[in-house]
Amino acid sequence: MTSAFNPPVDLPGNQDIRIIGPRGSGKTVFMAALAYWPNADPNSPIQSVDPYDNASGELIGMARDILADGRQLPPTDPGENADSLPIYTLLITLKPRLLNHPIAALKNKSIRIQVSCREYPGEILKDLRNISSSSSLLNSYLDDCATASSLLLLIDGTANKSDKDYAQALENLQKQLSDRLSLDTTRLRNYRIAVVFTKCEQAQLRSYWKDINNFVNWKFPAVQTVVNKWRTLWGCSTNYFFCSAFGTKGINPQPNFKINVRNKDGTYGVIDNPKVWRPLGLVAPLYWIQTGQEDPRLKI
Ligand SMILES: Nc1nc2c(ncn2[C@@H]2O[C@H](COP(=O)(O)OP(=O)(O)O)[C@@H](O)[C@H]2O)c(=O)[nH]1
Ligand SMILES: [Mg+2]
């Protein structure tokens, strides 16, 4: 909670983010875990995450009633068009870091960012791969996406053999957005793309926590090539992150996760012990999208 006597400094700019990723990559769980922010660590640099609107209040309900009850969320309904999907707006309050926010730090003030996110259904990645048969629904998502200022691309880090499929979809996404934004070079340059690998509490990702570039190079080389090309063509910023909405548990940390299914698309299951549920790395990509800066305290 923020103090009424020493209100936080609001960082400028309200990034309008679109969340894109295959079905089951963890998009809704990411947003729900962020909004709910269970078992906040008093030593964490993140002071609080607060809903700003009714839609994000509903996310908290989903997290509390479904995830914290050890169940899976239903898939997101594709909706009639992009405008029928909710935009979730959250306020994230952080303890300042002298290096990034010297004035706030010296005044002992918190800093606050406001992020607005709209999640697209995973099906659009499939539609993007077969763009020739493009539907009016896909076009409505692409038109909406072109109005945003940044992308949060969520990929299940445990997925196998999906690299080329994702890369193909992302290449087409880049081309479609380029067609829609081609005259606006400032917009292109200011675009920020965060590629976030979810479910990183899983054993096969743990050894890469400190070496994400090596991970991307090894596991998602085609995605890496497309993202590099995208950055060069637009002159925009791109970055990679790991996160886990479920986190770990115990002194010798183990995934706080009970597995139901593992297949080539990824890993699916439920929270093992909701009482100690504490997400990892959810704020780092949003902070980077908002400020263009990295805060090492937020990274895992
Ligand atoms: N192991 C693990 N599984 C997760 C995590 N986040 C999501 N999942 C799993 O992925 C499934 C799909 O997540 P969801 O957010 O509904 O996917 P969406 O289709 O991208 O919105 C969930 O039901 C969980 O089983 C995570 O942090 N760790
Ligand atoms: Mg969803």
# chains A, B, ... in the order shown; residues from 1 in each chain; ligands from 1
call {"tool": "closest_atom_pairs", "arguments": {"of": "stretch 120-162 of chain A", "to": "stretch 14-37 of chain A", "cutoff": "8 Å", "atoms": "only C-alpha atoms", "output": "CSV"}}
result
residue,atom,partner,partner_atom,distance
A:Tyr120,CA,A:Ile20,CA,5.8
A:Pro121,CA,A:Arg23,CA,6.8
A:Gly122,CA,A:Arg23,CA,3.9
A:Glu123,CA,A:Arg23,CA,6.5
A:Ile124,CA,A:Pro22,CA,7.9
A:Leu125,CA,A:Pro22,CA,6.0
A:Lys126,CA,A:Pro22,CA,7.9
A:Cys145,CA,A:Arg18,CA,6.5
A:Ala148,CA,A:Asp16,CA,5.2
A:Ser149,CA,A:Asp16,CA,5.4
A:Ser150,CA,A:Ile17,CA,4.9
A:Leu151,CA,A:Arg18,CA,5.0
A:Leu152,CA,A:Ile19,CA,4.8
A:Leu153,CA,A:Ile20,CA,5.0
A:Leu154,CA,A:Gly21,CA,4.8
A:Ile155,CA,A:Ser25,CA,5.5
A:Asp156,CA,A:Ser25,CA,4.7
call {"tool": "write_last_selection", "arguments": {"atoms": "N, CA, C and O atoms", "output": "compact mmCIF listing (two decimals), in the first residue's frame"}}
result
# COMPACT_ATOMS: atom_id res chain seq x y z
N TYR A 120 -4.97 -11.43 -26.45
CA TYR A 120 -5.64 -12.02 -27.61
C TYR A 120 -5.73 -13.53 -27.43
O TYR A 120 -4.84 -14.13 -26.83
N PRO A 121 -6.75 -14.16 -27.97
CA PRO A 121 -6.82 -15.62 -27.88
C PRO A 121 -5.69 -16.26 -28.68
O PRO A 121 -5.26 -15.71 -29.71
N GLY A 122 -5.21 -17.41 -28.20
CA GLY A 122 -4.05 -18.07 -28.82
C GLY A 122 -4.26 -18.44 -30.27
O GLY A 122 -3.29 -18.56 -31.03
N GLU A 123 -5.52 -18.60 -30.67
CA GLU A 123 -5.81 -19.03 -32.05
C GLU A 123 -5.21 -18.07 -33.07
O GLU A 123 -4.91 -18.48 -34.20
N ILE A 124 -5.02 -16.82 -32.71
CA ILE A 124 -4.55 -15.88 -33.74
C ILE A 124 -3.14 -16.25 -34.23
O ILE A 124 -2.78 -15.94 -35.35
N LEU A 125 -2.38 -16.95 -33.39
CA LEU A 125 -1.05 -17.36 -33.88
C LEU A 125 -1.19 -18.38 -35.01
O LEU A 125 -0.43 -18.35 -35.97
N LYS A 126 -2.15 -19.28 -34.86
CA LYS A 126 -2.40 -20.27 -35.93
C LYS A 126 -2.85 -19.54 -37.18
O LYS A 126 -2.38 -19.82 -38.29
N CYS A 145 -3.99 -4.25 -32.75
CA CYS A 145 -2.60 -4.40 -32.32
C CYS A 145 -1.77 -3.22 -32.83
O CYS A 145 -0.85 -2.76 -32.15
N ALA A 148 -1.47 -0.28 -30.55
CA ALA A 148 -0.76 -0.42 -29.28
C ALA A 148 0.66 0.11 -29.39
O ALA A 148 1.14 0.43 -30.48
N SER A 149 1.35 0.20 -28.25
CA SER A 149 2.72 0.72 -28.26
C SER A 149 3.74 -0.36 -27.94
O SER A 149 4.94 -0.13 -28.03
N SER A 150 3.26 -1.53 -27.54
CA SER A 150 4.21 -2.59 -27.21
C SER A 150 3.54 -3.95 -27.20
O SER A 150 2.32 -4.05 -27.07
N LEU A 151 4.40 -4.95 -27.34
CA LEU A 151 3.91 -6.34 -27.36
C LEU A 151 4.57 -7.13 -26.26
O LEU A 151 5.78 -7.00 -26.02
N LEU A 152 3.76 -7.95 -25.60
CA LEU A 152 4.27 -8.93 -24.66
C LEU A 152 4.02 -10.28 -25.32
O LEU A 152 2.88 -10.71 -25.44
N LEU A 153 5.09 -10.88 -25.82
CA LEU A 153 4.94 -12.18 -26.50
C LEU A 153 5.22 -13.27 -25.50
O LEU A 153 6.35 -13.37 -24.98
N LEU A 154 4.21 -14.04 -25.17
CA LEU A 154 4.39 -15.10 -24.18
C LEU A 154 4.55 -16.45 -24.87
O LEU A 154 3.73 -16.82 -25.72
N ILE A 155 5.63 -17.14 -24.51
CA ILE A 155 5.91 -18.45 -25.09
C ILE A 155 6.16 -19.43 -23.94
O ILE A 155 6.91 -19.10 -23.00
N ASP A 156 5.51 -20.58 -23.99
CA ASP A 156 5.75 -21.61 -22.97
C ASP A 156 7.19 -22.10 -23.14
O ASP A 156 7.53 -22.72 -24.15
call {"tool": "residues_around", "arguments": {"residues": "A:Lys275", "least_positions_apart": "2", "cutoff": "8 Å", "atoms": "only C-alpha atoms", "output": "JSON, numbers by chain"}}
result
{"A": [39, 273, 277]}
call {"tool": "write_last_selection", "arguments": {"atoms": "C-alpha atoms", "output": "PDB file, in the first residue's frame"}}
result
ATOM      1  CA  ASN A  39       1.892 -13.708  -0.626  1.00  0.00           C
ATOM      2  CA  ASN A 273       0.356 -25.343  -2.631  1.00  0.00           C
ATOM      3  CA  TRP A 277       1.971 -19.203  -4.034  1.00  0.00           C
TER       4      TRP A 277
END
call {"tool": "select_by_dssp", "arguments": {"residues": "stretch 32-208 of chain A", "states": "alpha helix (DSSP H)", "output": "JSON, numbers by chain"}}
result
{"A": [32, 33, 34, 35, 36, 54, 55, 56, 57, 58, 59, 60, 61, 62, 63, 64, 65, 102, 103, 104, 105, 106, 123, 124, 125, 126, 127, 128, 129, 136, 137, 138, 139, 140, 141, 142, 143, 144, 145, 163, 164, 165, 166, 167, 168, 169, 170, 171, 172, 173, 174, 175, 176, 177, 178, 179, 180, 181, 185, 186, 187, 188, 189, 190, 203, 204, 205, 206]}
call {"tool": "residues_around", "arguments": {"residues": "stretch 194-207 of chain A", "least_positions_apart": "2", "cutoff": "10 Å", "atoms": "only C-alpha atoms", "output": "number ranges by chain"}}
result
A: 19-21, 25-27, 30, 150-159, 192, 209-212, 215-216, 223-224, 227, 237-249, 253-257, 266-268, 279-282, 284-286, 288-289, 300
call {"tool": "closest_residue", "arguments": {"among": "A:Arg71, A:Asp10, A:Asn214, A:Pro42", "to": "A:Ile259", "atoms": "only C-alpha atoms"}}
result
A:Arg71
call {"tool": "atom_distance", "arguments": {"atom1": "atom CA of A:Asp265", "atom2": "atom CA of A:Asp77"}}
result
19.7 Å
call {"tool": "atom_distance", "arguments": {"atom1": "atom CA of A:Pro8", "atom2": "atom CA of A:Ile103"}}
result
11.7 Å
call {"tool": "closest_residue", "arguments": {"among": "A:Asn54, A:Ser162, A:Ser136, A:Asn108", "to": "A:Phe220", "atoms": "only C-alpha atoms"}}
result
A:Ser162
call {"tool": "closest_residue", "arguments": {"among": "A:Thr225, A:Asn172, A:Asn252, A:Ser110", "to": "A:Arg97", "atoms": "only C-alpha atoms"}}
result
A:Ser110
call {"tool": "residues_around", "arguments": {"residues": "A:Pro221", "least_positions_apart": "5", "cutoff": "9 Å", "atoms": "only C-alpha atoms", "output": "ChimeraX atom specification"}}
result
/A:163-164,167,216,226
call {"tool": "residues_around", "arguments": {"residues": "A:Ala82", "least_positions_apart": "6", "cutoff": "8 Å", "atoms": "only C-alpha atoms", "output": "PDB file with N, CA, C and O atoms, in the first residue's frame"}}
result
ATOM      1  N   TYR A 120      -4.974 -11.426 -26.448  1.00  0.00           N
ATOM      2  CA  TYR A 120      -5.637 -12.018 -27.611  1.00  0.00           C
ATOM      3  C   TYR A 120      -5.731 -13.527 -27.426  1.00  0.00           C
ATOM      4  O   TYR A 120      -4.841 -14.128 -26.825  1.00  0.00           O
ATOM      5  N   LEU A 137     -11.813 -11.674 -38.395  1.00  0.00           N
ATOM      6  CA  LEU A 137     -11.485 -11.637 -36.962  1.00  0.00           C
ATOM      7  C   LEU A 137     -10.003 -11.324 -36.775  1.00  0.00           C
ATOM      8  O   LEU A 137      -9.629 -10.455 -35.984  1.00  0.00           O
ATOM      9  N   SER A 140      -9.273  -7.782 -37.444  1.00  0.00           N
ATOM     10  CA  SER A 140      -9.681  -6.872 -36.365  1.00  0.00           C
ATOM     11  C   SER A 140      -8.628  -6.884 -35.256  1.00  0.00           C
ATOM     12  O   SER A 140      -8.319  -5.834 -34.678  1.00  0.00           O
ATOM     13  N   TYR A 141      -8.030  -8.061 -34.969  1.00  0.00           N
ATOM     14  CA  TYR A 141      -6.946  -8.089 -33.971  1.00  0.00           C
ATOM     15  C   TYR A 141      -5.735  -7.309 -34.457  1.00  0.00           C
ATOM     16  O   TYR A 141      -5.104  -6.587 -33.696  1.00  0.00           O
ATOM     17  N   ASP A 144      -6.246  -3.608 -34.225  1.00  0.00           N
ATOM     18  CA  ASP A 144      -6.165  -3.196 -32.822  1.00  0.00           C
ATOM     19  C   ASP A 144      -4.714  -3.219 -32.347  1.00  0.00           C
ATOM     20  O   ASP A 144      -4.252  -2.295 -31.660  1.00  0.00           O
TER      21      ASP A 144
END
call {"tool": "closest_residue", "arguments": {"among": "A:Leu11, A:Val276, A:Leu73, A:Leu128", "to": "ligand 2", "atoms": "only C-alpha atoms and all ligand atoms"}}
result
A:Leu73
call {"tool": "closest_residue", "arguments": {"among": "A:Leu67, A:Ala105, A:Val283, A:Ile131", "to": "A:Ile46", "atoms": "only C-alpha atoms"}}
result
A:Val283
call {"tool": "closest_residue", "arguments": {"among": "A:Gly250, A:Pro12, A:Pro75, A:Gly57", "to": "ligand 2", "atoms": "only C-alpha atoms and all ligand atoms"}}
result
A:Pro75
call {"tool": "residues_around", "arguments": {"residues": "A:Asp69", "least_positions_apart": "5", "cutoff": "9 Å", "atoms": "only C-alpha atoms", "output": "MDAnalysis selection string"}}
result
chainID A and resid 63:64 271 274
call {"tool": "write_last_selection", "arguments": {"atoms": "N, CA, C and O atoms", "output": "PDB file, in the first residue's frame"}}
result
ATOM      1  N   ALA A  63      -8.199 -15.424 -10.133  1.00  0.00           N
ATOM      2  CA  ALA A  63      -7.033 -15.968  -9.435  1.00  0.00           C
ATOM      3  C   ALA A  63      -7.460 -16.568  -8.099  1.00  0.00           C
ATOM      4  O   ALA A  63      -7.050 -17.669  -7.731  1.00  0.00           O
ATOM      5  N   ARG A  64      -8.326 -15.854  -7.398  1.00  0.00           N
ATOM      6  CA  ARG A  64      -8.718 -16.288  -6.052  1.00  0.00           C
ATOM      7  C   ARG A  64      -9.619 -17.523  -6.112  1.00  0.00           C
ATOM      8  O   ARG A  64      -9.435 -18.479  -5.378  1.00  0.00           O
ATOM      9  N   ILE A 271      -1.566 -25.207  -9.452  1.00  0.00           N
ATOM     10  CA  ILE A 271      -0.697 -24.832  -8.333  1.00  0.00           C
ATOM     11  C   ILE A 271      -0.725 -25.962  -7.305  1.00  0.00           C
ATOM     12  O   ILE A 271      -1.788 -26.499  -7.006  1.00  0.00           O
ATOM     13  N   PRO A 274      -1.296 -23.547  -2.852  1.00  0.00           N
ATOM     14  CA  PRO A 274      -1.711 -22.144  -2.994  1.00  0.00           C
ATOM     15  C   PRO A 274      -1.325 -21.277  -1.796  1.00  0.00           C
ATOM     16  O   PRO A 274      -1.167 -20.072  -1.940  1.00  0.00           O
TER      17      PRO A 274
END
